[in-house]
2 protein chains.
Amino acid sequence: MIATNEALKKVPLFSNLSASELESLSKEASIREYEKNETIIHKQDEGDSFFSLVSGRVKVVLTDDEGKEFIVGILQPLEFFGEMALLDGEPRSASVVAIEKTEVIVLKREDFLRQFTTNPEMAKKVIAVLGKRLRHANEHIESLVFLDVCGRLARVLLDLAAETGKEMDDGIEFTVSHSRTELANLVGTTRETLTRALKTLETMSYIRIRKNTFVITNTTGLKNRMY
Amino acid sequence: MIATNEALKKVPLFSNLSASELESLSKEASIREYEKNETIIHKQDEGDSFFSLVSGRVKVVLTDDEGKEFIVGILQPLEFFGEMALLDGEPRSASVVAIEKTEVIVLKREDFLRQFTTNPEMAKKVIAVLGKRLRHANEHIESLVFLDVCGRLARVLLDLAAETGKEMDDGIEFTVSHSRTELANLVGTTRETLTRALKTLETMSYIRIRKNTFVITNTTGLKNRMY
DNA sequence: TCCAAAAAGTGAGTCCCGTCACAGACAAAA
DNA sequence: TTTTGTCTGTGACGGGACTCACTTTTTGGA
């Protein structure tokens with residue numbers, strides 16, 4: 001486990017803070033660890049904490065009362081979450097769950113908001129991130145309203161490829177670090193239907209699959225499948 | 001058509017600006033009028049303007065290439081839009097269309113951003129609004145993933161009732177100022193399916209409909225229909 | 001008041017996809 | 001190796017909702 005001030009220093013959101021501000025902030029901050037599948041934020045919780053991801057990965061999920069889930073985002077180290085409920089006082093609108101062993105810095109509501117008022121630059125960064133998430137949410141809505149499962153899957157695969165894919169001689173190759181069930185939750189369908197959609201895309205020679213290694217062999221084909 | 005400075009003065013977003021700031025801002029601002037069904041912002045436009053609604057109403061819509069549309073929000077006077085593309089430089093992620101004769105104040109990118117940097121309070125307000133919209137977007141995603149048409153319709157009706165409904169002796173009464181097609185676009189379905197869903201809810205005695213006057217006679221029933 | 005055009009309701013047919021049930025495949029533990 | 005449990009693939013089935021075609025109602029202009 002690393003020191004809070006070391007961890008805070010690396011977070012882009014806080015890069016405009018002075019050394020002394022960082023120092024005082026780190027005194028209030030604590031670091032928590034979560035195991036894989038442990039829930040960090042429950043939907044409906046009162047929001048009194050701000051989180052910044054140090055190591056590991058988390059998923060932001062919407063769930064219904066029968067345990068079905070939809071993954072709206074996956075966050076990497078240095079990204080933050082939990083800010084929304086702090087800013088408007090409403091209860092959490094989504095849950096956050098660790099998808100691997102994860103360390104987070106936790107700030108109390110007041111400590112976070114204090115920095116926030118004295119640092120206009122920080123406000124701008126928060127706005128930029130919220131804007132990006134809102135855009136992303138709109139894309140999700142678009143997918144769900146206008147596309148069938150294959151189309152949504154195509155979009156998810158292209159996203160994954162854009163993030164971690166490597167250009168090979170026969171296409172863009174990337175490794176999917178999700179189970180099929182999780183991939184289904186990312187697309188917004190069931191595991192069974194996802195399996196079939198993958199096969200459909202493979203039959204059409206848009207992608208090639210071996211275990212968790214995917215190759216997009218026909219990018220334009222996949223993109224057209226989105227509309 | 002009213003004067004820009006008068007119009008600006010009323011906008012909550014700008015209430016922290018000094019008189020002189022408002023004055024200089026109003027010199028750069030202009031007022032535009034749009035007829036019903038006129039498009040104010042096209043998705044994919046480059047964003048170089050900020051809009052504040054003076055009179056009328058607009059809808060924020062996602063559209064596919066065949067003209068199908070989904071309404072993600074309806075804005076009233078004093079609310080603003082067009083800020084996202086200004087803040088992160090990405091193209092517009094949704095279109096905005098007047099649903100009645102509408103007047104808007106238009107600010108140029110730089111004029112808006114300038115106020116923005118000198119007024120930390122304004123940043124906070126923008127963040128609050130973005131947060132609210134993100135919450136709303138998450139609720140939309142939830143609806144689309146977990147609910148059937150009747151459930152989504154129930155949610156939309158409850159929202160409309162909460163906004164404009166009046167308590168009557170036999171339930172909450174409200175007037176729907178949308179065509180059935182628009183209501184369908186609000187729910188995320190087709191006009192035909194919407195008709196049937198309305199009839200279903202009416203048969204179950206959750207609502208009563210006469211033309212565009214709806215009465216929710218069984219609120220808890222409707223709410224349960226959402227899950 | 002009448003008529004044309006738009007909006008709304010209805011019926012039939014189709015298909016996507018969710019559900020259920022089960023069979024392999026794979027990994028970790030005994 | 002065997003065992004056990006989890007993950008994944010496959011088949012069959014049913015239902016919700018979209019599409020298309022048509023009728024009925026409403027609207028608003030002449």
# chains A, B, ... in the order shown; residues from 1 in each chain; ligands from 1
>>> calpha_fit_and_write(fixed="chain A", moving="chain B", output="PDB file with C-alpha atoms, in the first residue's frame")
ATOM      1  CA  MET B   1       0.014   0.022  -0.024  1.00  0.00           C
ATOM      2  CA  ILE B   2       1.429   3.380  -1.014  1.00  0.00           C
ATOM      3  CA  ALA B   3       1.339   6.657   0.905  1.00  0.00           C
ATOM      4  CA  THR B   4      -1.639   8.909   0.376  1.00  0.00           C
ATOM      5  CA  ASN B   5       0.421  11.917  -0.611  1.00  0.00           C
ATOM      6  CA  GLU B   6       2.351   9.931  -3.198  1.00  0.00           C
ATOM      7  CA  ALA B   7      -0.892   8.612  -4.590  1.00  0.00           C
ATOM      8  CA  LEU B   8      -2.592  12.004  -4.664  1.00  0.00           C
ATOM      9  CA  LYS B   9       0.323  13.599  -6.450  1.00  0.00           C
ATOM     10  CA  LYS B  10      -0.205  11.436  -9.486  1.00  0.00           C
ATOM     11  CA  VAL B  11      -3.892  12.167  -9.940  1.00  0.00           C
ATOM     12  CA  PRO B  12      -4.357  14.589 -12.835  1.00  0.00           C
ATOM     13  CA  LEU B  13      -7.416  16.053 -11.175  1.00  0.00           C
ATOM     14  CA  PHE B  14      -5.241  17.402  -8.381  1.00  0.00           C
ATOM     15  CA  SER B  15      -2.280  18.507 -10.468  1.00  0.00           C
ATOM     16  CA  ASN B  16      -3.115  22.171 -10.023  1.00  0.00           C
ATOM     17  CA  LEU B  17      -3.014  21.971  -6.256  1.00  0.00           C
ATOM     18  CA  SER B  18      -0.028  23.506  -4.530  1.00  0.00           C
ATOM     19  CA  ALA B  19       2.340  21.322  -2.542  1.00  0.00           C
ATOM     20  CA  SER B  20       0.884  22.541   0.709  1.00  0.00           C
ATOM     21  CA  GLU B  21      -2.667  21.958  -0.427  1.00  0.00           C
ATOM     22  CA  LEU B  22      -1.749  18.446  -1.452  1.00  0.00           C
ATOM     23  CA  GLU B  23      -0.060  17.882   1.857  1.00  0.00           C
ATOM     24  CA  SER B  24      -3.053  18.947   3.899  1.00  0.00           C
ATOM     25  CA  LEU B  25      -5.382  16.991   1.663  1.00  0.00           C
ATOM     26  CA  SER B  26      -3.378  13.825   2.052  1.00  0.00           C
ATOM     27  CA  LYS B  27      -3.699  14.070   5.833  1.00  0.00           C
ATOM     28  CA  GLU B  28      -7.440  13.715   5.502  1.00  0.00           C
ATOM     29  CA  ALA B  29      -7.295  11.029   2.878  1.00  0.00           C
ATOM     30  CA  SER B  30      -7.177   7.322   3.468  1.00  0.00           C
ATOM     31  CA  ILE B  31      -6.476   4.347   1.266  1.00  0.00           C
ATOM     32  CA  ARG B  32      -8.765   1.374   1.059  1.00  0.00           C
ATOM     33  CA  GLU B  33      -8.382  -1.991  -0.576  1.00  0.00           C
ATOM     34  CA  TYR B  34     -11.082  -4.042  -2.221  1.00  0.00           C
ATOM     35  CA  GLU B  35     -11.028  -7.618  -3.424  1.00  0.00           C
ATOM     36  CA  LYS B  36     -12.328  -8.700  -6.802  1.00  0.00           C
ATOM     37  CA  ASN B  37     -16.129  -8.453  -6.973  1.00  0.00           C
ATOM     38  CA  GLU B  38     -16.325  -6.352  -3.829  1.00  0.00           C
ATOM     39  CA  THR B  39     -18.755  -3.447  -4.009  1.00  0.00           C
ATOM     40  CA  ILE B  40     -17.241  -0.033  -3.392  1.00  0.00           C
ATOM     41  CA  ILE B  41     -20.358   2.057  -3.874  1.00  0.00           C
ATOM     42  CA  HIS B  42     -23.885   0.774  -3.568  1.00  0.00           C
ATOM     43  CA  LYS B  43     -26.533   2.429  -5.619  1.00  0.00           C
ATOM     44  CA  GLN B  44     -28.882   4.278  -3.269  1.00  0.00           C
ATOM     45  CA  ASP B  45     -26.093   4.987  -0.804  1.00  0.00           C
ATOM     46  CA  GLU B  46     -25.821   8.454   0.534  1.00  0.00           C
ATOM     47  CA  GLY B  47     -22.806   9.954  -1.079  1.00  0.00           C
ATOM     48  CA  ASP B  48     -20.306  11.321   1.363  1.00  0.00           C
ATOM     49  CA  SER B  49     -17.061  10.159  -0.187  1.00  0.00           C
ATOM     50  CA  PHE B  50     -14.958  10.825  -3.227  1.00  0.00           C
ATOM     51  CA  PHE B  51     -12.797   8.073  -4.700  1.00  0.00           C
ATOM     52  CA  SER B  52      -9.714   8.034  -6.848  1.00  0.00           C
ATOM     53  CA  LEU B  53      -8.462   4.791  -8.308  1.00  0.00           C
ATOM     54  CA  VAL B  54      -4.842   3.945  -7.445  1.00  0.00           C
ATOM     55  CA  SER B  55      -4.518   0.419  -8.768  1.00  0.00           C
ATOM     56  CA  GLY B  56      -6.809  -2.222 -10.180  1.00  0.00           C
ATOM     57  CA  ARG B  57      -9.968  -1.683 -12.202  1.00  0.00           C
ATOM     58  CA  VAL B  58     -13.584  -1.023 -11.317  1.00  0.00           C
ATOM     59  CA  LYS B  59     -16.844  -1.230 -13.216  1.00  0.00           C
ATOM     60  CA  VAL B  60     -19.708   1.237 -12.938  1.00  0.00           C
ATOM     61  CA  VAL B  61     -22.910  -0.770 -13.132  1.00  0.00           C
ATOM     62  CA  LEU B  62     -26.646  -0.329 -13.167  1.00  0.00           C
ATOM     63  CA  THR B  63     -28.545  -3.218 -11.626  1.00  0.00           C
ATOM     64  CA  ASP B  64     -32.148  -4.232 -11.329  1.00  0.00           C
ATOM     65  CA  ASP B  65     -33.630  -5.987  -8.339  1.00  0.00           C
ATOM     66  CA  GLU B  66     -33.163  -9.451  -9.849  1.00  0.00           C
ATOM     67  CA  GLY B  67     -29.417  -9.098 -10.184  1.00  0.00           C
ATOM     68  CA  LYS B  68     -29.332  -8.292 -13.866  1.00  0.00           C
ATOM     69  CA  GLU B  69     -26.647  -5.727 -14.554  1.00  0.00           C
ATOM     70  CA  PHE B  70     -25.526  -3.316 -17.219  1.00  0.00           C
ATOM     71  CA  ILE B  71     -21.977  -1.963 -17.256  1.00  0.00           C
ATOM     72  CA  VAL B  72     -21.912   1.732 -18.098  1.00  0.00           C
ATOM     73  CA  GLY B  73     -18.201   2.188 -17.680  1.00  0.00           C
ATOM     74  CA  ILE B  74     -14.881   0.725 -16.657  1.00  0.00           C
ATOM     75  CA  LEU B  75     -12.392   2.917 -14.851  1.00  0.00           C
ATOM     76  CA  GLN B  76      -8.609   2.670 -14.850  1.00  0.00           C
ATOM     77  CA  PRO B  77      -6.058   3.917 -12.297  1.00  0.00           C
ATOM     78  CA  LEU B  78      -5.913   7.724 -11.935  1.00  0.00           C
ATOM     79  CA  GLU B  79      -9.572   8.048 -12.849  1.00  0.00           C
ATOM     80  CA  PHE B  80     -12.045   9.078 -10.184  1.00  0.00           C
ATOM     81  CA  PHE B  81     -15.640   8.351  -9.232  1.00  0.00           C
ATOM     82  CA  GLY B  82     -18.242   9.111  -6.605  1.00  0.00           C
ATOM     83  CA  GLU B  83     -18.180  12.815  -7.310  1.00  0.00           C
ATOM     84  CA  MET B  84     -21.743  13.163  -8.526  1.00  0.00           C
ATOM     85  CA  ALA B  85     -23.551  12.483  -5.305  1.00  0.00           C
ATOM     86  CA  LEU B  86     -21.156  14.859  -3.554  1.00  0.00           C
ATOM     87  CA  LEU B  87     -21.977  17.703  -5.842  1.00  0.00           C
ATOM     88  CA  ASP B  88     -25.737  17.620  -5.804  1.00  0.00           C
ATOM     89  CA  GLY B  89     -26.612  15.663  -2.700  1.00  0.00           C
ATOM     90  CA  GLU B  90     -28.782  13.159  -4.532  1.00  0.00           C
ATOM     91  CA  PRO B  91     -28.274   9.474  -3.751  1.00  0.00           C
ATOM     92  CA  ARG B  92     -25.935   7.375  -5.874  1.00  0.00           C
ATOM     93  CA  SER B  93     -27.307   6.613  -9.313  1.00  0.00           C
ATOM     94  CA  ALA B  94     -25.074   3.628 -10.006  1.00  0.00           C
ATOM     95  CA  SER B  95     -22.973   1.063  -8.185  1.00  0.00           C
ATOM     96  CA  VAL B  96     -19.209   0.660  -8.443  1.00  0.00           C
ATOM     97  CA  VAL B  97     -17.654  -2.790  -8.136  1.00  0.00           C
ATOM     98  CA  ALA B  98     -14.001  -3.862  -8.221  1.00  0.00           C
ATOM     99  CA  ILE B  99     -13.299  -6.228 -11.107  1.00  0.00           C
ATOM    100  CA  GLU B 100      -9.867  -7.057  -9.722  1.00  0.00           C
ATOM    101  CA  LYS B 101      -7.968  -6.352  -6.526  1.00  0.00           C
ATOM    102  CA  THR B 102      -8.162  -2.623  -6.218  1.00  0.00           C
ATOM    103  CA  GLU B 103      -6.782   0.264  -4.155  1.00  0.00           C
ATOM    104  CA  VAL B 104      -8.562   3.592  -3.911  1.00  0.00           C
ATOM    105  CA  ILE B 105      -7.931   6.888  -2.190  1.00  0.00           C
ATOM    106  CA  VAL B 106     -10.938   8.072  -0.272  1.00  0.00           C
ATOM    107  CA  LEU B 107     -11.629  11.718   0.451  1.00  0.00           C
ATOM    108  CA  LYS B 108     -14.350  12.975   2.745  1.00  0.00           C
ATOM    109  CA  ARG B 109     -16.984  15.142   1.216  1.00  0.00           C
ATOM    110  CA  GLU B 110     -15.909  18.399   2.849  1.00  0.00           C
ATOM    111  CA  ASP B 111     -12.216  17.939   2.106  1.00  0.00           C
ATOM    112  CA  PHE B 112     -12.943  17.350  -1.527  1.00  0.00           C
ATOM    113  CA  LEU B 113     -15.358  20.247  -1.862  1.00  0.00           C
ATOM    114  CA  ARG B 114     -12.976  22.615  -0.130  1.00  0.00           C
ATOM    115  CA  GLN B 115     -10.246  22.102  -2.735  1.00  0.00           C
ATOM    116  CA  PHE B 116     -12.925  22.434  -5.236  1.00  0.00           C
ATOM    117  CA  THR B 117     -13.898  25.995  -4.324  1.00  0.00           C
ATOM    118  CA  THR B 118     -10.374  27.334  -4.108  1.00  0.00           C
ATOM    119  CA  ASN B 119      -9.246  25.748  -7.360  1.00  0.00           C
ATOM    120  CA  PRO B 120     -11.134  26.860 -10.438  1.00  0.00           C
ATOM    121  CA  GLU B 121      -8.926  24.699 -12.637  1.00  0.00           C
ATOM    122  CA  MET B 122     -10.126  21.655 -10.814  1.00  0.00           C
ATOM    123  CA  ALA B 123     -13.701  22.609 -11.577  1.00  0.00           C
ATOM    124  CA  LYS B 124     -12.853  22.720 -15.238  1.00  0.00           C
ATOM    125  CA  LYS B 125     -11.412  19.237 -15.129  1.00  0.00           C
ATOM    126  CA  VAL B 126     -14.448  17.884 -13.366  1.00  0.00           C
ATOM    127  CA  ILE B 127     -16.632  19.485 -15.993  1.00  0.00           C
ATOM    128  CA  ALA B 128     -14.578  17.943 -18.763  1.00  0.00           C
ATOM    129  CA  VAL B 129     -14.943  14.501 -17.232  1.00  0.00           C
ATOM    130  CA  LEU B 130     -18.658  14.890 -16.623  1.00  0.00           C
ATOM    131  CA  GLY B 131     -19.048  16.040 -20.199  1.00  0.00           C
ATOM    132  CA  LYS B 132     -17.218  12.999 -21.465  1.00  0.00           C
ATOM    133  CA  ARG B 133     -19.350  10.698 -19.368  1.00  0.00           C
ATOM    134  CA  LEU B 134     -22.530  12.362 -20.528  1.00  0.00           C
ATOM    135  CA  ARG B 135     -21.435  11.892 -24.126  1.00  0.00           C
ATOM    136  CA  HIS B 136     -20.708   8.282 -23.426  1.00  0.00           C
ATOM    137  CA  ALA B 137     -24.099   7.854 -21.791  1.00  0.00           C
ATOM    138  CA  ASN B 138     -25.787   9.334 -24.837  1.00  0.00           C
ATOM    139  CA  GLU B 139     -23.952   6.877 -27.037  1.00  0.00           C
ATOM    140  CA  HIS B 140     -25.198   4.056 -24.844  1.00  0.00           C
ATOM    141  CA  ILE B 141     -28.759   5.292 -25.178  1.00  0.00           C
ATOM    142  CA  GLU B 142     -28.351   5.551 -28.925  1.00  0.00           C
ATOM    143  CA  SER B 143     -27.083   1.993 -29.106  1.00  0.00           C
ATOM    144  CA  LEU B 144     -29.897   0.648 -26.986  1.00  0.00           C
ATOM    145  CA  VAL B 145     -32.637   2.440 -28.898  1.00  0.00           C
ATOM    146  CA  PHE B 146     -31.435   2.095 -32.465  1.00  0.00           C
ATOM    147  CA  LEU B 147     -29.245  -0.998 -32.697  1.00  0.00           C
ATOM    148  CA  ASP B 148     -29.809  -4.715 -32.368  1.00  0.00           C
ATOM    149  CA  VAL B 149     -27.494  -6.917 -30.325  1.00  0.00           C
ATOM    150  CA  CYS B 150     -25.036  -7.426 -33.159  1.00  0.00           C
ATOM    151  CA  GLY B 151     -24.771  -3.697 -33.737  1.00  0.00           C
ATOM    152  CA  ARG B 152     -24.202  -2.982 -30.051  1.00  0.00           C
ATOM    153  CA  LEU B 153     -21.637  -5.751 -29.859  1.00  0.00           C
ATOM    154  CA  ALA B 154     -19.854  -4.295 -32.886  1.00  0.00           C
ATOM    155  CA  ARG B 155     -19.651  -0.962 -31.113  1.00  0.00           C
ATOM    156  CA  VAL B 156     -18.293  -2.483 -27.918  1.00  0.00           C
ATOM    157  CA  LEU B 157     -15.676  -4.463 -29.824  1.00  0.00           C
ATOM    158  CA  LEU B 158     -14.544  -1.394 -31.724  1.00  0.00           C
ATOM    159  CA  ASP B 159     -14.266   0.485 -28.427  1.00  0.00           C
ATOM    160  CA  LEU B 160     -12.182  -2.269 -26.860  1.00  0.00           C
ATOM    161  CA  ALA B 161      -9.972  -2.425 -29.925  1.00  0.00           C
ATOM    162  CA  ALA B 162      -9.457   1.331 -29.834  1.00  0.00           C
ATOM    163  CA  GLU B 163      -8.368   1.130 -26.205  1.00  0.00           C
ATOM    164  CA  THR B 164      -6.005  -1.802 -26.152  1.00  0.00           C
ATOM    165  CA  GLY B 165      -5.843  -3.183 -29.674  1.00  0.00           C
ATOM    166  CA  LYS B 166      -2.637  -3.728 -31.638  1.00  0.00           C
ATOM    167  CA  GLU B 167      -2.373  -3.456 -35.388  1.00  0.00           C
ATOM    168  CA  MET B 168      -1.450  -6.834 -36.884  1.00  0.00           C
ATOM    169  CA  ASP B 169      -1.030  -7.890 -40.491  1.00  0.00           C
ATOM    170  CA  ASP B 170      -4.495  -9.434 -40.580  1.00  0.00           C
ATOM    171  CA  GLY B 171      -6.376  -6.886 -38.469  1.00  0.00           C
ATOM    172  CA  ILE B 172      -6.552  -5.316 -35.037  1.00  0.00           C
ATOM    173  CA  GLU B 173      -5.876  -7.776 -32.267  1.00  0.00           C
ATOM    174  CA  PHE B 174      -6.860  -7.347 -28.637  1.00  0.00           C
ATOM    175  CA  THR B 175      -7.423  -9.380 -25.537  1.00  0.00           C
ATOM    176  CA  VAL B 176     -10.751  -9.307 -23.759  1.00  0.00           C
ATOM    177  CA  SER B 177     -10.238  -9.392 -20.024  1.00  0.00           C
ATOM    178  CA  HIS B 178     -13.913 -10.048 -19.374  1.00  0.00           C
ATOM    179  CA  SER B 179     -15.937 -13.184 -19.036  1.00  0.00           C
ATOM    180  CA  ARG B 180     -18.641 -13.708 -21.616  1.00  0.00           C
ATOM    181  CA  THR B 181     -21.212 -12.786 -19.015  1.00  0.00           C
ATOM    182  CA  GLU B 182     -19.468  -9.488 -18.373  1.00  0.00           C
ATOM    183  CA  LEU B 183     -19.167  -8.850 -22.080  1.00  0.00           C
ATOM    184  CA  ALA B 184     -22.886  -9.461 -22.335  1.00  0.00           C
ATOM    185  CA  ASN B 185     -23.489  -6.951 -19.557  1.00  0.00           C
ATOM    186  CA  LEU B 186     -21.365  -4.483 -21.459  1.00  0.00           C
ATOM    187  CA  VAL B 187     -23.497  -4.955 -24.553  1.00  0.00           C
ATOM    188  CA  GLY B 188     -26.782  -5.085 -22.699  1.00  0.00           C
ATOM    189  CA  THR B 189     -27.913  -8.597 -23.449  1.00  0.00           C
ATOM    190  CA  THR B 190     -27.703 -12.127 -22.057  1.00  0.00           C
ATOM    191  CA  ARG B 191     -24.752 -14.481 -22.168  1.00  0.00           C
ATOM    192  CA  GLU B 192     -26.524 -16.850 -24.560  1.00  0.00           C
ATOM    193  CA  THR B 193     -27.438 -14.140 -27.015  1.00  0.00           C
ATOM    194  CA  LEU B 194     -23.934 -12.724 -26.837  1.00  0.00           C
ATOM    195  CA  THR B 195     -22.456 -16.094 -27.814  1.00  0.00           C
ATOM    196  CA  ARG B 196     -24.704 -16.210 -30.844  1.00  0.00           C
ATOM    197  CA  ALA B 197     -23.923 -12.631 -31.830  1.00  0.00           C
ATOM    198  CA  LEU B 198     -20.191 -13.329 -31.642  1.00  0.00           C
ATOM    199  CA  LYS B 199     -20.651 -16.314 -33.862  1.00  0.00           C
ATOM    200  CA  THR B 200     -22.678 -14.262 -36.321  1.00  0.00           C
ATOM    201  CA  LEU B 201     -19.944 -11.652 -36.608  1.00  0.00           C
ATOM    202  CA  GLU B 202     -17.342 -14.368 -36.980  1.00  0.00           C
ATOM    203  CA  THR B 203     -19.343 -16.123 -39.705  1.00  0.00           C
ATOM    204  CA  MET B 204     -19.496 -12.829 -41.555  1.00  0.00           C
ATOM    205  CA  SER B 205     -15.697 -12.670 -41.311  1.00  0.00           C
ATOM    206  CA  TYR B 206     -15.747  -9.384 -39.449  1.00  0.00           C
ATOM    207  CA  ILE B 207     -13.878 -10.864 -36.504  1.00  0.00           C
ATOM    208  CA  ARG B 208     -11.877 -13.932 -35.557  1.00  0.00           C
ATOM    209  CA  ILE B 209     -11.937 -15.344 -32.045  1.00  0.00           C
ATOM    210  CA  ARG B 210      -9.603 -17.680 -30.234  1.00  0.00           C
ATOM    211  CA  LYS B 211     -10.406 -17.868 -26.543  1.00  0.00           C
ATOM    212  CA  ASN B 212     -10.076 -14.339 -25.268  1.00  0.00           C
ATOM    213  CA  THR B 213      -8.048 -13.060 -28.166  1.00  0.00           C
ATOM    214  CA  PHE B 214     -10.155 -11.230 -30.708  1.00  0.00           C
ATOM    215  CA  VAL B 215      -9.032 -10.005 -34.106  1.00  0.00           C
ATOM    216  CA  ILE B 216     -11.078  -7.490 -36.054  1.00  0.00           C
ATOM    217  CA  THR B 217     -10.448  -8.506 -39.641  1.00  0.00           C
ATOM    218  CA  ASN B 218     -12.933  -6.181 -41.283  1.00  0.00           C
ATOM    219  CA  THR B 219     -13.205  -2.857 -39.503  1.00  0.00           C
ATOM    220  CA  THR B 220     -15.418  -1.143 -42.039  1.00  0.00           C
ATOM    221  CA  GLY B 221     -17.740  -4.114 -42.081  1.00  0.00           C
ATOM    222  CA  LEU B 222     -18.084  -3.917 -38.337  1.00  0.00           C
ATOM    223  CA  LYS B 223     -18.662  -0.190 -38.442  1.00  0.00           C
ATOM    224  CA  ASN B 224     -21.394  -0.557 -41.009  1.00  0.00           C
ATOM    225  CA  ARG B 225     -22.994  -3.185 -38.824  1.00  0.00           C
ATOM    226  CA  MET B 226     -23.505  -0.393 -36.317  1.00  0.00           C
ATOM    227  CA  TYR B 227     -25.984   1.414 -38.576  1.00  0.00           C
TER     228      TYR B 227
END
>>> select_by_dssp(residues="chain B", states="alpha helix (DSSP H)", output="ChimeraX atom specification")
/B:4-10,19-28,83-88,109-118,120-146,149-164,180-187,191-203,219-225
>>> write_last_selection(atoms="C-alpha atoms", output="short mmCIF file (atom, residue, chain, number, x, y, z; two decimals), in the first residue's frame")
data_model
loop_
_atom_site.label_atom_id
_atom_site.label_comp_id
_atom_site.auth_asym_id
_atom_site.auth_seq_id
_atom_site.Cartn_x
_atom_site.Cartn_y
_atom_site.Cartn_z
CA THR B 4 -30.31 40.66 -24.50
CA ASN B 5 -29.34 42.20 -21.19
CA GLU B 6 -32.85 41.81 -19.81
CA ALA B 7 -32.88 38.22 -20.93
CA LEU B 8 -29.44 37.43 -19.52
CA LYS B 9 -30.30 38.92 -16.17
CA LYS B 10 -32.95 36.31 -15.56
CA ALA B 19 -23.67 44.19 -13.46
CA SER B 20 -20.73 45.21 -15.57
CA GLU B 21 -19.93 41.65 -16.54
CA LEU B 22 -23.53 41.14 -17.57
CA GLU B 23 -23.46 44.35 -19.53
CA SER B 24 -20.38 43.41 -21.50
CA LEU B 25 -21.68 39.91 -22.05
CA SER B 26 -24.97 41.16 -23.42
CA LYS B 27 -23.12 43.22 -26.02
CA GLU B 28 -21.73 40.03 -27.50
CA GLU B 83 -22.38 23.81 -23.42
CA MET B 84 -20.89 20.36 -23.78
CA ALA B 85 -19.27 20.75 -27.15
CA LEU B 86 -17.86 24.09 -25.99
CA LEU B 87 -16.16 22.57 -23.03
CA ASP B 88 -14.40 19.64 -24.60
CA ARG B 109 -17.74 30.25 -27.47
CA GLU B 110 -15.06 32.64 -26.23
CA ASP B 111 -17.49 35.00 -24.52
CA PHE B 112 -19.05 32.16 -22.63
CA LEU B 113 -15.76 30.57 -21.63
CA ARG B 114 -14.36 33.89 -20.47
CA GLN B 115 -17.11 34.37 -17.88
CA PHE B 116 -16.56 30.84 -17.01
CA THR B 117 -12.94 31.24 -15.90
CA THR B 118 -13.50 34.36 -13.84
CA PRO B 120 -16.02 29.89 -10.03
CA GLU B 121 -19.65 29.93 -8.91
CA MET B 122 -20.73 29.55 -12.48
CA ALA B 123 -18.57 26.46 -12.80
CA LYS B 124 -20.35 24.95 -9.86
CA LYS B 125 -23.72 25.54 -11.44
CA VAL B 126 -22.62 23.98 -14.69
CA ILE B 127 -21.37 20.98 -12.77
CA ALA B 128 -24.66 20.66 -10.95
CA VAL B 129 -26.57 20.69 -14.22
CA LEU B 130 -24.24 18.22 -15.89
CA GLY B 131 -24.57 15.97 -12.88
CA LYS B 132 -28.34 16.12 -13.09
CA ARG B 133 -28.28 15.30 -16.77
CA LEU B 134 -25.91 12.41 -16.24
CA ARG B 135 -28.24 11.03 -13.58
CA HIS B 136 -31.13 11.39 -15.94
CA ALA B 137 -29.19 9.64 -18.68
CA ASN B 138 -28.43 6.76 -16.35
CA GLU B 139 -32.11 6.45 -15.56
CA HIS B 140 -32.85 6.29 -19.27
CA ILE B 141 -30.30 3.53 -19.72
CA GLU B 142 -31.79 1.65 -16.80
CA SER B 143 -35.25 1.91 -18.29
CA LEU B 144 -34.11 0.74 -21.69
CA VAL B 145 -32.15 -2.23 -20.39
CA PHE B 146 -34.42 -3.49 -17.63
CA VAL B 149 -42.51 -0.70 -22.94
CA CYS B 150 -45.21 -0.56 -20.30
CA GLY B 151 -42.65 -0.05 -17.56
CA ARG B 152 -40.90 2.72 -19.46
CA LEU B 153 -44.22 4.36 -20.23
CA ALA B 154 -45.14 4.20 -16.55
CA ARG B 155 -41.93 6.00 -15.70
CA VAL B 156 -42.49 8.71 -18.29
CA LEU B 157 -46.06 9.27 -17.11
CA LEU B 158 -44.96 9.55 -13.50
CA ASP B 159 -42.31 12.07 -14.56
CA LEU B 160 -44.84 14.15 -16.46
CA ALA B 161 -47.24 14.02 -13.54
CA ALA B 162 -44.51 15.13 -11.16
CA GLU B 163 -43.75 18.12 -13.36
CA THR B 164 -47.15 19.49 -14.21
CA ARG B 180 -48.60 10.25 -29.53
CA THR B 181 -45.61 9.96 -31.81
CA GLU B 182 -43.61 12.28 -29.59
CA LEU B 183 -44.73 10.41 -26.51
CA ALA B 184 -43.53 7.24 -28.18
CA ASN B 185 -40.17 8.87 -28.85
CA LEU B 186 -40.01 9.83 -25.20
CA VAL B 187 -40.59 6.22 -24.19
CA ARG B 191 -46.49 5.01 -32.04
CA GLU B 192 -48.45 1.78 -32.50
CA THR B 193 -46.86 0.06 -29.54
CA LEU B 194 -47.37 3.16 -27.42
CA THR B 195 -51.10 3.14 -28.17
CA ARG B 196 -51.32 -0.45 -27.03
CA ALA B 197 -49.29 0.19 -23.89
CA LEU B 198 -51.55 3.10 -22.95
CA LYS B 199 -54.55 0.89 -23.38
CA THR B 200 -52.95 -1.81 -21.25
CA LEU B 201 -52.33 0.61 -18.40
CA GLU B 202 -55.85 1.95 -18.73
CA THR B 203 -57.35 -1.55 -18.68
CA THR B 219 -49.84 5.68 -8.44
CA THR B 220 -48.45 2.73 -6.53
CA GLY B 221 -49.67 0.37 -9.21
CA LEU B 222 -47.86 2.38 -11.83
CA LYS B 223 -44.71 2.52 -9.75
CA ASN B 224 -44.71 -1.22 -9.28
CA ARG B 225 -45.13 -1.62 -13.01
#
